[in-house]
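Shown below: protein.cif, with mmCIF, C-alpha atoms.
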```cif
data_my_file
#
loop_
_atom_site.label_atom_id
_atom_site.label_comp_id
_atom_site.auth_asym_id
_atom_site.auth_seq_id
_atom_site.Cartn_x
_atom_site.Cartn_y
_atom_site.Cartn_z
CA MET A 1 -7.94 -2.49 53.00
CA HIS A 2 -6.97 0.24 50.51
CA LYS A 3 -3.31 -0.13 51.48
CA PHE A 4 -3.53 -3.86 50.88
CA VAL A 5 -5.07 -3.39 47.41
CA LEU A 6 -2.47 -0.72 46.52
CA THR A 7 0.42 -2.95 47.66
CA GLY A 8 -1.06 -5.81 45.64
CA MET A 9 -1.36 -3.64 42.54
CA LEU A 10 2.21 -2.38 42.87
CA TRP A 11 3.42 -5.93 43.30
CA ILE A 12 1.54 -7.10 40.19
CA THR A 13 2.94 -4.10 38.22
CA ALA A 14 6.48 -4.95 39.36
CA ILE A 15 6.06 -8.63 38.35
CA ALA A 16 4.64 -7.61 34.93
CA ALA A 17 7.52 -5.16 34.38
CA GLU A 18 10.08 -7.81 35.33
CA ALA A 19 8.47 -10.21 32.84
CA GLN A 20 8.59 -7.51 30.17
CA TYR A 21 12.27 -6.69 30.68
CA PRO A 22 14.13 -9.69 32.10
CA GLY A 23 16.93 -8.62 34.42
CA TYR A 24 15.29 -5.27 35.15
CA ALA A 25 13.09 -4.19 38.05
CA LEU A 26 10.80 -1.17 38.06
CA LEU A 27 12.12 1.73 40.16
CA GLN A 28 9.23 2.92 42.32
CA ASN A 29 11.10 6.12 43.13
CA ALA A 30 13.23 7.35 40.25
CA SER A 31 14.07 10.80 41.64
CA SER A 32 17.66 9.88 42.55
CA PHE A 33 18.20 8.37 39.09
CA GLN A 34 16.64 11.43 37.42
CA ALA A 35 18.94 13.78 39.37
CA GLN A 36 22.09 11.77 38.53
CA PHE A 37 21.08 11.46 34.90
CA ALA A 38 20.31 15.18 34.60
CA ALA A 39 23.69 16.05 36.16
CA ALA A 40 25.57 13.74 33.77
CA SER A 41 23.65 15.11 30.74
CA GLN A 42 24.45 18.65 31.88
CA LYS A 43 28.17 17.85 31.79
CA THR A 44 28.09 16.21 28.35
CA ASN A 45 28.83 18.76 25.64
CA THR A 46 29.91 16.44 22.83
CA VAL A 47 29.75 12.74 22.03
CA LYS A 48 31.65 10.87 19.34
CA SER A 49 30.82 7.23 18.85
CA ASP A 50 30.45 4.31 16.48
CA PHE A 51 27.02 2.79 16.20
CA VAL A 52 25.38 -0.45 15.19
CA GLN A 53 21.78 -0.18 14.09
CA GLU A 54 19.52 -3.23 14.01
CA LYS A 55 16.17 -3.13 12.33
CA THR A 56 13.95 -6.02 13.33
CA ARG A 57 11.07 -7.05 11.13
CA SER A 58 9.14 -9.37 13.40
CA LEU A 59 6.79 -11.01 10.89
CA LEU A 60 9.62 -11.57 8.45
CA ALA A 61 11.90 -12.91 11.22
CA GLU A 62 14.44 -10.55 9.70
CA LYS A 63 17.20 -8.31 10.98
CA ILE A 64 18.92 -5.61 8.96
CA VAL A 65 22.18 -4.51 10.52
CA SER A 66 23.89 -1.29 9.53
CA LYS A 67 26.92 0.45 10.99
CA GLY A 68 28.37 3.91 11.07
CA LYS A 69 29.66 6.88 13.02
CA PHE A 70 27.80 9.23 15.30
CA TRP A 71 28.54 12.74 16.58
CA PHE A 72 26.54 14.92 18.96
CA LYS A 73 27.17 18.51 19.97
CA LYS A 74 25.15 20.46 22.48
CA GLU A 75 22.45 21.74 22.29
CA ASN A 76 20.87 20.09 19.32
CA ALA A 77 23.27 18.96 16.61
CA VAL A 78 23.57 15.31 15.52
CA ARG A 79 25.51 13.78 12.66
CA MET A 80 24.95 10.13 11.71
CA GLU A 81 27.08 8.67 8.96
CA TYR A 82 26.09 5.17 7.84
CA THR A 83 29.02 3.35 6.26
CA GLN A 84 27.87 -0.29 6.02
CA PRO A 85 26.26 -1.86 4.07
CA PHE A 86 25.33 1.47 2.41
CA GLN A 87 26.50 5.09 2.47
CA TYR A 88 24.08 7.56 4.00
CA LEU A 89 24.59 10.80 5.88
CA MET A 90 22.06 12.56 8.08
CA ILE A 91 22.75 15.82 9.91
CA ILE A 92 20.23 17.34 12.29
CA ASN A 93 21.08 20.87 13.34
CA GLY A 94 18.31 22.66 15.19
CA SER A 95 15.30 22.67 12.93
CA ASN A 96 17.30 21.81 9.81
CA VAL A 97 17.97 18.34 8.46
CA TYR A 98 20.48 17.49 5.75
CA ILE A 99 20.42 14.10 4.06
CA LYS A 100 22.88 12.76 1.52
CA ASP A 101 22.56 9.34 -0.08
CA ASN A 102 24.40 7.84 -3.05
CA GLN A 103 22.54 9.99 -5.53
CA LYS A 104 21.34 13.20 -3.99
CA GLU A 105 21.50 15.77 -1.24
CA ASN A 106 18.36 16.95 0.49
CA LYS A 107 17.79 19.81 2.89
CA ILE A 108 14.63 19.77 4.95
CA SER A 109 13.35 22.38 7.34
CA THR A 110 11.36 20.60 10.00
CA LYS A 111 9.43 23.81 10.65
CA SER A 112 7.13 22.95 7.76
CA ASN A 113 6.76 19.24 8.54
CA LYS A 114 5.19 18.36 11.88
CA LEU A 115 6.04 14.66 11.73
CA PHE A 116 9.66 15.29 10.79
CA ARG A 117 9.87 17.85 13.60
CA GLN A 118 8.57 15.31 16.13
CA ILE A 119 11.01 12.61 15.02
CA ASN A 120 13.84 15.15 14.98
CA THR A 121 13.00 16.27 18.52
CA ILE A 122 12.82 12.69 19.79
CA MET A 123 16.18 11.87 18.25
CA ILE A 124 17.90 14.88 19.81
CA ASP A 125 16.09 14.54 23.15
CA CYS A 126 17.05 10.88 23.48
CA VAL A 127 20.70 11.77 23.04
CA ASN A 128 20.78 14.81 25.32
CA GLY A 129 18.50 13.21 27.90
CA LYS A 130 15.69 15.77 27.67
CA ALA A 131 13.27 13.05 26.52
CA LEU A 132 12.89 11.98 30.15
CA GLN A 133 11.31 15.35 30.94
CA SER A 134 9.20 15.52 27.78
CA SER A 135 5.45 15.87 28.15
CA ASP A 136 5.10 13.73 25.00
CA PHE A 137 5.94 10.60 26.98
CA LYS A 138 5.01 8.72 30.11
CA VAL A 139 8.33 7.61 31.59
CA ARG A 140 9.12 4.54 33.71
CA ILE A 141 12.63 3.73 34.92
CA PHE A 142 13.86 0.16 35.38
CA GLU A 143 17.04 -0.89 37.14
CA GLY A 144 19.27 -3.72 35.98
CA LYS A 145 22.66 -4.95 37.16
CA THR A 146 24.84 -2.55 35.19
CA THR A 147 22.32 -0.38 33.38
CA PHE A 148 19.08 1.50 33.81
CA MET A 149 16.33 1.37 31.23
CA ALA A 150 14.08 4.35 30.63
CA GLU A 151 10.82 3.32 28.99
CA LEU A 152 9.14 6.19 27.15
CA SER A 153 5.52 5.55 26.16
CA PRO A 154 4.01 8.17 23.85
CA VAL A 155 0.95 9.94 25.15
CA ASN A 156 -0.10 11.79 22.01
CA LYS A 157 -2.06 10.12 19.23
CA ASN A 158 0.36 10.90 16.37
CA LEU A 159 3.37 9.48 18.16
CA LYS A 160 1.38 6.40 19.22
CA THR A 161 0.90 5.50 15.56
CA LEU A 162 4.68 5.54 15.10
CA PHE A 163 5.97 4.05 18.34
CA SER A 164 4.55 1.77 21.00
CA ASN A 165 7.47 2.84 23.16
CA ILE A 166 11.06 4.04 23.02
CA ASN A 167 13.56 2.54 25.45
CA MET A 168 16.84 4.15 26.40
CA VAL A 169 19.50 2.00 28.01
CA ILE A 170 21.68 4.09 30.34
CA GLU A 171 24.98 2.93 31.81
CA LYS A 172 25.17 3.00 35.61
CA LYS A 173 28.86 3.84 35.60
CA ASP A 174 28.54 7.18 33.78
CA TYR A 175 24.81 7.70 33.18
CA ALA A 176 25.45 7.84 29.43
CA VAL A 177 22.94 6.47 26.90
CA SER A 178 24.39 3.33 25.34
CA ARG A 179 21.36 2.09 23.38
CA ILE A 180 18.12 3.51 22.01
CA GLU A 181 15.34 1.10 21.02
CA MET A 182 12.33 2.28 19.04
CA HIS A 183 9.44 -0.19 19.12
CA GLU A 184 6.66 0.15 16.57
CA PRO A 185 3.04 -0.89 17.19
CA SER A 186 3.41 -3.66 14.54
CA GLY A 187 6.07 -5.40 16.65
CA ASP A 188 8.90 -4.18 14.40
CA GLY A 189 11.65 -2.07 15.87
CA THR A 190 14.97 -0.32 15.44
CA SER A 191 17.76 -0.27 17.98
CA ILE A 192 20.87 1.87 17.87
CA HIS A 193 23.77 0.63 19.98
CA PHE A 194 26.55 3.15 20.65
CA VAL A 195 30.07 1.74 20.97
CA ASN A 196 33.55 3.25 21.43
CA ARG A 197 32.01 6.38 22.91
CA GLN A 198 34.14 9.46 23.59
CA PHE A 199 32.76 12.36 25.58
CA ASN A 200 33.56 16.07 25.57
CA ILE A 201 36.19 15.96 22.86
CA PRO A 202 36.37 19.04 20.60
CA LEU A 203 34.07 18.69 17.56
CA ALA A 204 34.17 21.26 14.77
CA ASP A 205 30.92 23.04 13.91
CA ALA A 206 31.61 22.16 10.27
CA LEU A 207 30.67 18.54 11.05
CA PHE A 208 27.10 19.68 11.65
CA ALA A 209 26.86 22.27 8.89
CA VAL A 210 23.65 22.13 6.87
CA ARG A 211 24.65 24.02 3.74
CA MET B 1 27.45 17.82 -33.97
CA ARG B 2 25.38 18.80 -30.95
CA CYS B 3 22.35 19.04 -33.23
CA LEU B 4 23.00 15.55 -34.58
CA LEU B 5 23.23 14.21 -31.06
CA TYR B 6 19.96 15.91 -30.16
CA VAL B 7 18.19 14.50 -33.22
CA SER B 8 19.59 11.01 -32.54
CA CYS B 9 18.36 11.16 -28.94
CA TRP B 10 14.97 12.37 -30.09
CA LEU B 11 14.72 9.57 -32.67
CA ILE B 12 15.71 6.96 -30.11
CA CYS B 13 13.11 8.30 -27.68
CA ALA B 14 10.48 8.46 -30.36
CA ALA B 15 11.20 4.86 -31.30
CA CYS B 16 11.01 3.79 -27.66
CA SER B 17 7.70 5.50 -27.08
CA SER B 18 6.02 4.18 -30.19
CA SER B 19 2.90 2.16 -29.60
CA TYR B 20 2.56 -1.59 -29.79
CA LYS B 21 0.20 -1.50 -32.75
CA LYS B 22 2.92 -2.04 -35.38
CA LEU B 23 3.90 -5.34 -33.82
CA GLN B 24 2.98 -8.55 -35.62
CA ARG B 25 1.59 -11.71 -34.09
CA THR B 26 3.97 -14.63 -34.16
CA GLU B 27 3.94 -18.25 -33.13
CA ALA B 28 6.03 -18.56 -29.99
CA ASP B 29 5.50 -19.78 -26.48
CA PRO B 30 5.01 -16.69 -24.28
CA LEU B 31 5.66 -18.80 -21.22
CA CYS B 32 9.32 -19.11 -22.25
CA ILE B 33 9.82 -15.99 -20.10
CA SER B 34 9.03 -17.91 -16.91
CA ALA B 35 12.74 -18.86 -17.00
CA PHE B 36 13.48 -15.23 -16.07
CA ARG B 37 11.09 -15.09 -13.14
CA PRO B 38 13.18 -13.90 -10.17
CA ALA B 39 13.50 -16.57 -7.49
CA PHE B 40 13.53 -14.46 -4.33
CA SER B 41 14.49 -16.09 -1.08
CA ARG B 42 15.82 -13.01 0.75
CA ALA B 43 17.33 -9.92 -0.81
CA LEU B 44 18.09 -6.48 0.55
CA TYR B 45 18.16 -3.48 -1.81
CA HIS B 46 19.19 0.14 -1.46
CA ALA B 47 16.33 2.00 -3.09
CA GLN B 48 16.32 5.39 -4.79
CA VAL B 49 12.93 6.83 -5.61
CA ASN B 50 12.27 9.99 -7.61
CA VAL B 51 8.69 11.10 -7.71
CA THR B 52 7.43 14.40 -9.18
CA GLY B 53 10.70 16.17 -8.40
CA LYS B 54 11.13 14.74 -4.92
CA HIS B 55 13.82 12.26 -3.97
CA LEU B 56 13.59 9.51 -1.41
CA SER B 57 15.98 6.73 -0.53
CA GLY B 58 15.70 3.72 1.72
CA LEU B 59 16.03 -0.02 2.11
CA LEU B 60 13.76 -2.56 0.46
CA ILE B 61 13.74 -6.09 1.73
CA ILE B 62 12.17 -8.78 -0.42
CA LYS B 63 11.60 -12.11 1.23
CA ALA B 64 9.86 -15.38 0.34
CA MET B 65 7.70 -16.56 3.22
CA PRO B 66 7.09 -20.20 4.21
CA ASP B 67 3.60 -20.05 2.64
CA SER B 68 5.33 -19.09 -0.68
CA SER B 69 4.05 -15.51 -0.59
CA ILE B 70 6.52 -12.64 -1.18
CA ARG B 71 6.84 -9.82 1.34
CA MET B 72 8.29 -6.41 0.44
CA VAL B 73 9.11 -3.99 3.22
CA PHE B 74 10.43 -0.52 2.44
CA SER B 75 11.86 1.69 5.16
CA SER B 76 14.20 4.63 5.47
CA GLU B 77 17.88 4.02 6.25
CA ALA B 78 17.26 5.25 9.77
CA GLY B 79 14.48 2.72 10.35
CA PHE B 80 11.22 4.51 9.56
CA LYS B 81 8.87 2.10 7.78
CA PHE B 82 7.03 3.27 4.64
CA PHE B 83 5.21 0.14 3.54
CA ASP B 84 4.91 -3.60 4.00
CA PHE B 85 3.25 -5.46 1.09
CA GLU B 86 2.46 -9.11 0.55
CA PHE B 87 2.14 -10.70 -2.89
CA ASP B 88 0.94 -14.23 -3.51
CA ARG B 89 -0.36 -16.19 -6.47
CA THR B 90 -3.93 -15.09 -5.89
CA GLY B 91 -3.68 -11.61 -4.50
CA PHE B 92 -2.07 -8.75 -2.72
CA LYS B 93 -2.27 -7.46 0.83
CA VAL B 94 -1.14 -4.22 2.46
CA HIS B 95 0.19 -5.06 5.92
CA TYR B 96 1.25 -1.49 6.58
CA ILE B 97 1.58 1.79 4.75
CA TYR B 98 2.70 5.14 6.16
CA SER B 99 -0.32 7.42 6.44
CA GLN B 100 0.94 10.03 3.95
CA MET B 101 1.41 7.29 1.30
CA ASN B 102 -1.91 5.64 2.05
CA LYS B 103 -3.65 6.62 -1.16
CA LYS B 104 -5.42 4.23 -3.50
CA ALA B 105 -3.49 5.44 -6.58
CA VAL B 106 -0.10 5.10 -4.85
CA ILE B 107 -0.83 1.56 -3.65
CA LYS B 108 -2.22 0.53 -7.05
CA THR B 109 0.82 1.91 -8.90
CA LEU B 110 3.33 0.22 -6.58
CA ARG B 111 1.38 -3.03 -6.67
CA LYS B 112 1.37 -3.16 -10.47
CA ASP B 113 5.06 -2.17 -10.70
CA PHE B 114 6.12 -4.98 -8.42
CA GLU B 115 3.73 -7.47 -10.03
CA LEU B 116 5.47 -6.72 -13.34
CA LEU B 117 8.84 -7.60 -11.77
CA LEU B 118 7.54 -10.67 -9.98
CA MET B 119 5.86 -11.87 -13.18
CA GLN B 120 2.60 -12.42 -11.35
CA HIS B 121 0.46 -12.52 -14.48
CA LEU B 122 2.01 -15.44 -16.37
CA ASN B 123 -0.95 -17.70 -15.72
CA VAL B 124 -3.53 -15.55 -17.51
CA PRO B 125 -5.40 -17.55 -20.19
CA ARG B 126 -5.00 -15.27 -23.25
CA SER B 127 -1.23 -14.80 -23.45
CA TYR B 128 0.37 -14.42 -26.88
CA THR B 129 3.55 -13.20 -28.59
CA LEU B 130 4.19 -10.30 -30.96
CA LYS B 131 7.38 -9.48 -32.81
CA SER B 132 9.21 -6.48 -34.19
CA ASP B 133 12.75 -6.09 -35.53
CA GLY B 134 13.96 -9.32 -33.98
CA ASN B 135 12.46 -8.58 -30.56
CA TYR B 136 9.67 -10.74 -29.21
CA TYR B 137 6.97 -9.20 -27.03
CA HIS B 138 5.37 -11.83 -24.79
CA VAL B 139 2.04 -10.36 -23.78
CA PHE B 140 -0.06 -11.19 -20.71
CA PRO B 141 -3.33 -9.22 -20.60
CA ASP B 142 -5.00 -8.69 -17.25
CA GLY B 143 -8.15 -6.60 -17.52
CA ARG B 144 -7.20 -3.25 -19.03
CA ASP B 145 -3.50 -3.79 -18.25
CA TYR B 146 -1.13 -5.55 -20.59
CA TYR B 147 2.15 -6.92 -19.24
CA TYR B 148 4.89 -7.17 -21.89
CA TYR B 149 8.13 -9.12 -21.49
CA ILE B 150 10.52 -8.35 -24.33
CA THR B 151 13.14 -10.92 -25.30
CA ASP B 152 15.36 -11.71 -28.23
CA SER B 153 13.95 -14.08 -30.87
CA THR B 154 15.25 -17.20 -29.13
CA CYS B 155 13.97 -16.12 -25.72
CA THR B 156 17.44 -16.42 -24.23
CA ASN B 157 17.70 -12.83 -23.00
CA LEU B 158 15.08 -10.78 -21.21
CA LEU B 159 15.65 -7.28 -22.59
CA ARG B 160 13.04 -5.37 -20.59
CA MET B 161 9.57 -5.50 -19.12
CA GLU B 162 6.71 -3.12 -19.77
CA ARG B 163 3.18 -2.48 -18.64
CA GLY B 164 0.66 -0.50 -20.60
CA SER B 165 -2.52 -0.72 -22.59
CA ARG B 166 -2.92 -2.63 -25.83
CA LYS B 167 -1.53 0.41 -27.64
CA LYS B 168 0.59 2.45 -25.29
CA ARG B 169 3.42 1.85 -22.83
CA VAL B 170 3.01 3.19 -19.30
CA VAL B 171 5.88 1.64 -17.35
CA GLU B 172 9.23 0.18 -18.35
CA ALA B 173 11.41 -1.99 -16.10
CA ILE B 174 14.77 -3.65 -16.39
CA MET B 175 16.32 -6.28 -14.19
CA HIS B 176 19.95 -7.47 -14.13
CA PRO B 177 20.18 -10.98 -12.73
CA GLY B 178 22.59 -11.90 -9.96
CA ASN B 179 24.27 -15.27 -9.72
CA ASP B 180 21.72 -16.66 -7.25
CA GLY B 181 18.49 -16.15 -9.21
CA MET B 182 17.76 -12.82 -7.53
CA PRO B 183 18.29 -9.56 -9.43
CA ASP B 184 21.33 -7.42 -8.59
CA THR B 185 19.80 -4.24 -9.97
CA ILE B 186 16.26 -3.26 -10.87
CA GLY B 187 15.05 -0.10 -12.59
CA ILE B 188 11.45 1.02 -13.01
CA LYS B 189 10.49 4.09 -15.04
CA HIS B 190 7.02 5.51 -15.55
CA HIS B 191 6.29 7.23 -18.84
CA ASN B 192 3.00 8.89 -17.92
CA PHE B 193 4.37 10.83 -14.95
CA ASN B 194 7.69 11.57 -13.31
CA PHE B 195 8.26 8.50 -11.16
CA ASP B 196 11.19 6.12 -11.16
CA ILE B 197 12.59 3.54 -8.78
CA GLY B 198 16.16 2.23 -8.73
CA LEU B 199 17.14 -0.78 -6.63
CA LYS B 200 20.70 -1.94 -6.02
CA ARG B 201 21.31 -5.11 -4.09
CA LEU B 202 23.23 -4.92 -0.82
CA ARG B 203 25.10 -7.84 0.69
CA ASP B 204 24.60 -7.39 4.42
CA ASP B 205 25.73 -9.55 7.33
CA THR B 206 22.76 -11.93 6.90
CA GLU B 207 23.97 -12.93 3.43
CA ARG B 208 27.69 -13.18 4.16
#
```
Translate this file's structure into structure tokens.
Amino acid sequence: MHKFVLTGMLWITAIAAEAQYPGYALLQNASSFQAQFAAASQKTNTVKSDFVQEKTRSLLAEKIVSKGKFWFKKENAVRMEYTQPFQYLMIINGSNVYIKDNQKENKISTKSNKLFRQINTIMIDCVNGKALQSSDFKVRIFEGKTTFMAELSPVNKNLKTLFSNINMVIEKKDYAVSRIEMHEPSGDGTSIHFVNRQFNIPLADALFAVR
Amino acid sequence: MRCLLYVSCWLICAACSSSYKKLQRTEADPLCISAFRPAFSRALYHAQVNVTGKHLSGLLIIKAMPDSSIRMVFSSEAGFKFFDFEFDRTGFKVHYIYSQMNKKAVIKTLRKDFELLLMQHLNVPRSYTLKSDGNYYHVFPDGRDYYYYITDSTCTNLLRMERGSRKKRVVEAIMHPGNDGMPDTIGIKHHNFNFDIGLKRLRDDTER
């Protein structure tokens, strides 16, 4: 009887997940995926890529698209340079963040700002793959035809006010993250799609310097 | 020479900050300024905000909704949302505000600043016009707040907008119109504390 109920519940969960992410099915056992993903992340020391960011404002039926260049260097350095339709530079290097817009430069130490530290950690962990092991999230893995999708649902109260969930789309061919989607409780969201990715090319430390 | 420059700047500032009490009543239609009311359909702005020594930038989207209300959503360049406000003819609604900004004074200040730009107070019953040195001040009182729209004598150019009391200016705003009825640049400056907002219109893929 218990087995029957359990099978039924799993089946209902799988159907609900399929409805949530068309083309994807929930992986009941993700250990093989986790191992492959961890191995690929281990081998990735640098990433250079272009990106397209889409901000969706659901109630406004609005999309704001911006484009730019992205660099990552192990362990925890990220540089994002927005070039269209505005100029904006953000460098995350460890616990330091450097921001430059049209007018000013700003240096922020995330040590003194809990929220900034959390967002900073999420950003870095999504790129280097550590988010899948984070205790801040409940993780479910879905399998599609050419990609996996890791669904990260926040478990702590602060993060729940910011995100309903964060989804990472991971390519099957190389286990690299090709898209990060951040969904807000209001229904709004931001997705960052990485294109023209290059892995393990030399990147100068100066790119990530927070002066 | 440097001294002269300093004195000139001081005189200009002193003139700017003088009260409204020297202005004279004049017969003119204050509603002539409705011609300058921005006709927002959808506009995206890069915003620069300086508040008490801190700097913040982001994207502000202003959009007219099917029910004729105006929505303003401000978020960081990277996607983090700060606020989502709704303005309509009869009121104002906060759909969302980031917890650290969720203070009555902050919301009230932003609301009044944007209402000045949107010209939300033109239908008040006791509007009138004052004049000084060829400039006309079209005044729209709303409770203890007075909204001033300053034009030339023929009401063909909107020079600036101000909010204050009957005697003293609190906020000054300027708006440069684009060719589609929506402003290309907007500047808001507070005179009672260090707070200014600069908005520059962006033409993104949606508008191309």
Report task. Please return, as a PyMOL selection string, all residues of chain A lying within 7 Å of chain B when all atoms listed in the file are considered. Result -> chain A and resi 55+65+85+190
Could you write out the selected residues, including C-alpha atoms, as a JSON list (two decimals), keeping the file's coordinate frame?
```
[["chain", "number", "residue", "atom", "x", "y", "z"],
["A", 55, "LYS", "CA", 16.17, -3.13, 12.33],
["A", 65, "VAL", "CA", 22.18, -4.51, 10.52],
["A", 85, "PRO", "CA", 26.26, -1.86, 4.07],
["A", 190, "THR", "CA", 14.97, -0.32, 15.44]]
```
**Report entry** Interatomic distance (Å, one decimal) between CA of Ile166 (chain A) and CA of Asp84 (chain B)
**Finding:** 21.4 Å
Query raised in the report: Could you list as a PyMOL selection string every residue that has an atom within 10 Å of (19.8, 0.7, 25.7), using the file's coordinates and counting only C-alpha atoms?
Result: chain A and resi 147-151+166-171+176-181+191-194
Query raised in the report: In Å to one decimal, how far is CA of Asn96 (chain A) from CA of Ser109 (chain A)?
Result: 4.7 Å
Query - Residues selected by the PyMOL selection byres ((chain B and resi 112-124) around 10), written as JSON, numbers by chain - result: {"B": [30, 31, 33, 34, 36, 37, 38, 39, 40, 70, 72, 85, 87, 88, 89, 90, 91, 92, 107, 108, 109, 110, 111, 125, 126, 127, 138, 139, 140, 141, 142, 145, 146, 147, 148, 149, 161, 162, 163, 171, 172, 173, 174, 175, 183, 186, 187, 188, 189, 190, 197]}
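Applied to this file, the PyMOL selection byres ((chain B and resi 134) around 12) selects the residues B:Leu23, B:Gln24, B:Thr26, B:Leu130, B:Lys131, B:Ser132, B:Asp133, B:Asn135, B:Tyr136, B:Tyr137, B:Ile150, B:Thr151, B:Asp152, B:Ser153, B:Thr154, B:Cys155, B:Leu159.
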Query raised in the report: What is the distance between CA of Ser69 (chain B) and CA of Glu86 (chain B), in Å to one decimal?
Result: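 So the answer is 6.7 Å.
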Query raised in the report: Using the chain letters and numbers from the file, which residues does the PyMOL selection byres ((chain A and resi 108) around 8) grab, as a PyMOL selection string?
Result: chain A and resi 96-98+106-107+109-110
Requested in this report: Would you please work out which residue, of A:Asp188, A:Tyr88, A:Phe208, A:Leu152, is nearest to Asp125 (chain A) when using all atoms listed in the file?
Outcome: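 Closest to Asp125 (chain A), using all atoms listed in the file: A:Leu152.
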Padding 5 Å on each side, edges along x, y and z: where is the centre of the box around the listed atoms of region 83-92 of chain B, and how long are its edges in Å to one decimal? Output it as AutoDock Vina command-line options.
```
--center_x 0.6 --center_y -8.0 --center_z -1.2 --size_x 19.1 --size_y 26.3 --size_z 20.5
```
Query - Exercise: region 73-78 of chain A partners within 8 Å, only C-alpha atoms, chain neighbours under 6 positions left out, as JSON, numbers by chain - result: {"A": [44, 45, 46, 47, 91, 92, 93, 94, 124, 128, 203, 208]}
Output as a PDB file, keeping the file's coordinate frame: region 129-140 of chain B, completed with N, CA and C atoms.
```
ATOM      1  N   THR B 129       2.254 -13.828 -28.295  1.00  0.00           N
ATOM      2  CA  THR B 129       3.550 -13.200 -28.590  1.00  0.00           C
ATOM      3  C   THR B 129       3.460 -12.353 -29.857  1.00  0.00           C
ATOM      4  N   LEU B 130       4.093 -11.191 -29.800  1.00  0.00           N
ATOM      5  CA  LEU B 130       4.190 -10.300 -30.960  1.00  0.00           C
ATOM      6  C   LEU B 130       5.677 -10.136 -31.295  1.00  0.00           C
ATOM      7  N   LYS B 131       5.969  -9.703 -32.505  1.00  0.00           N
ATOM      8  CA  LYS B 131       7.380  -9.480 -32.810  1.00  0.00           C
ATOM      9  C   LYS B 131       7.601  -8.191 -33.595  1.00  0.00           C
ATOM     10  N   SER B 132       8.813  -7.683 -33.455  1.00  0.00           N
ATOM     11  CA  SER B 132       9.210  -6.480 -34.190  1.00  0.00           C
ATOM     12  C   SER B 132      10.718  -6.389 -34.198  1.00  0.00           C
ATOM     13  N   ASP B 133      11.292  -6.283 -35.376  1.00  0.00           N
ATOM     14  CA  ASP B 133      12.750  -6.090 -35.530  1.00  0.00           C
ATOM     15  C   ASP B 133      13.569  -7.071 -34.691  1.00  0.00           C
ATOM     16  N   GLY B 134      13.181  -8.297 -34.702  1.00  0.00           N
ATOM     17  CA  GLY B 134      13.960  -9.320 -33.980  1.00  0.00           C
ATOM     18  C   GLY B 134      13.666  -9.409 -32.504  1.00  0.00           C
ATOM     19  N   ASN B 135      12.859  -8.494 -31.972  1.00  0.00           N
ATOM     20  CA  ASN B 135      12.460  -8.580 -30.560  1.00  0.00           C
ATOM     21  C   ASN B 135      11.083  -9.227 -30.442  1.00  0.00           C
ATOM     22  N   TYR B 136      10.956 -10.068 -29.440  1.00  0.00           N
ATOM     23  CA  TYR B 136       9.670 -10.740 -29.210  1.00  0.00           C
ATOM     24  C   TYR B 136       9.015 -10.133 -27.971  1.00  0.00           C
ATOM     25  N   TYR B 137       7.752  -9.787 -28.131  1.00  0.00           N
ATOM     26  CA  TYR B 137       6.970  -9.200 -27.030  1.00  0.00           C
ATOM     27  C   TYR B 137       6.001 -10.269 -26.525  1.00  0.00           C
ATOM     28  N   HIS B 138       6.258 -10.812 -25.363  1.00  0.00           N
ATOM     29  CA  HIS B 138       5.370 -11.830 -24.790  1.00  0.00           C
ATOM     30  C   HIS B 138       4.349 -11.097 -23.944  1.00  0.00           C
ATOM     31  N   VAL B 139       3.087 -11.237 -24.311  1.00  0.00           N
ATOM     32  CA  VAL B 139       2.040 -10.360 -23.780  1.00  0.00           C
ATOM     33  C   VAL B 139       1.090 -11.145 -22.860  1.00  0.00           C
ATOM     34  N   PHE B 140       0.829 -10.552 -21.702  1.00  0.00           N
ATOM     35  CA  PHE B 140      -0.060 -11.190 -20.710  1.00  0.00           C
ATOM     36  C   PHE B 140      -1.112 -10.157 -20.291  1.00  0.00           C
TER      37      PHE B 140
END
```
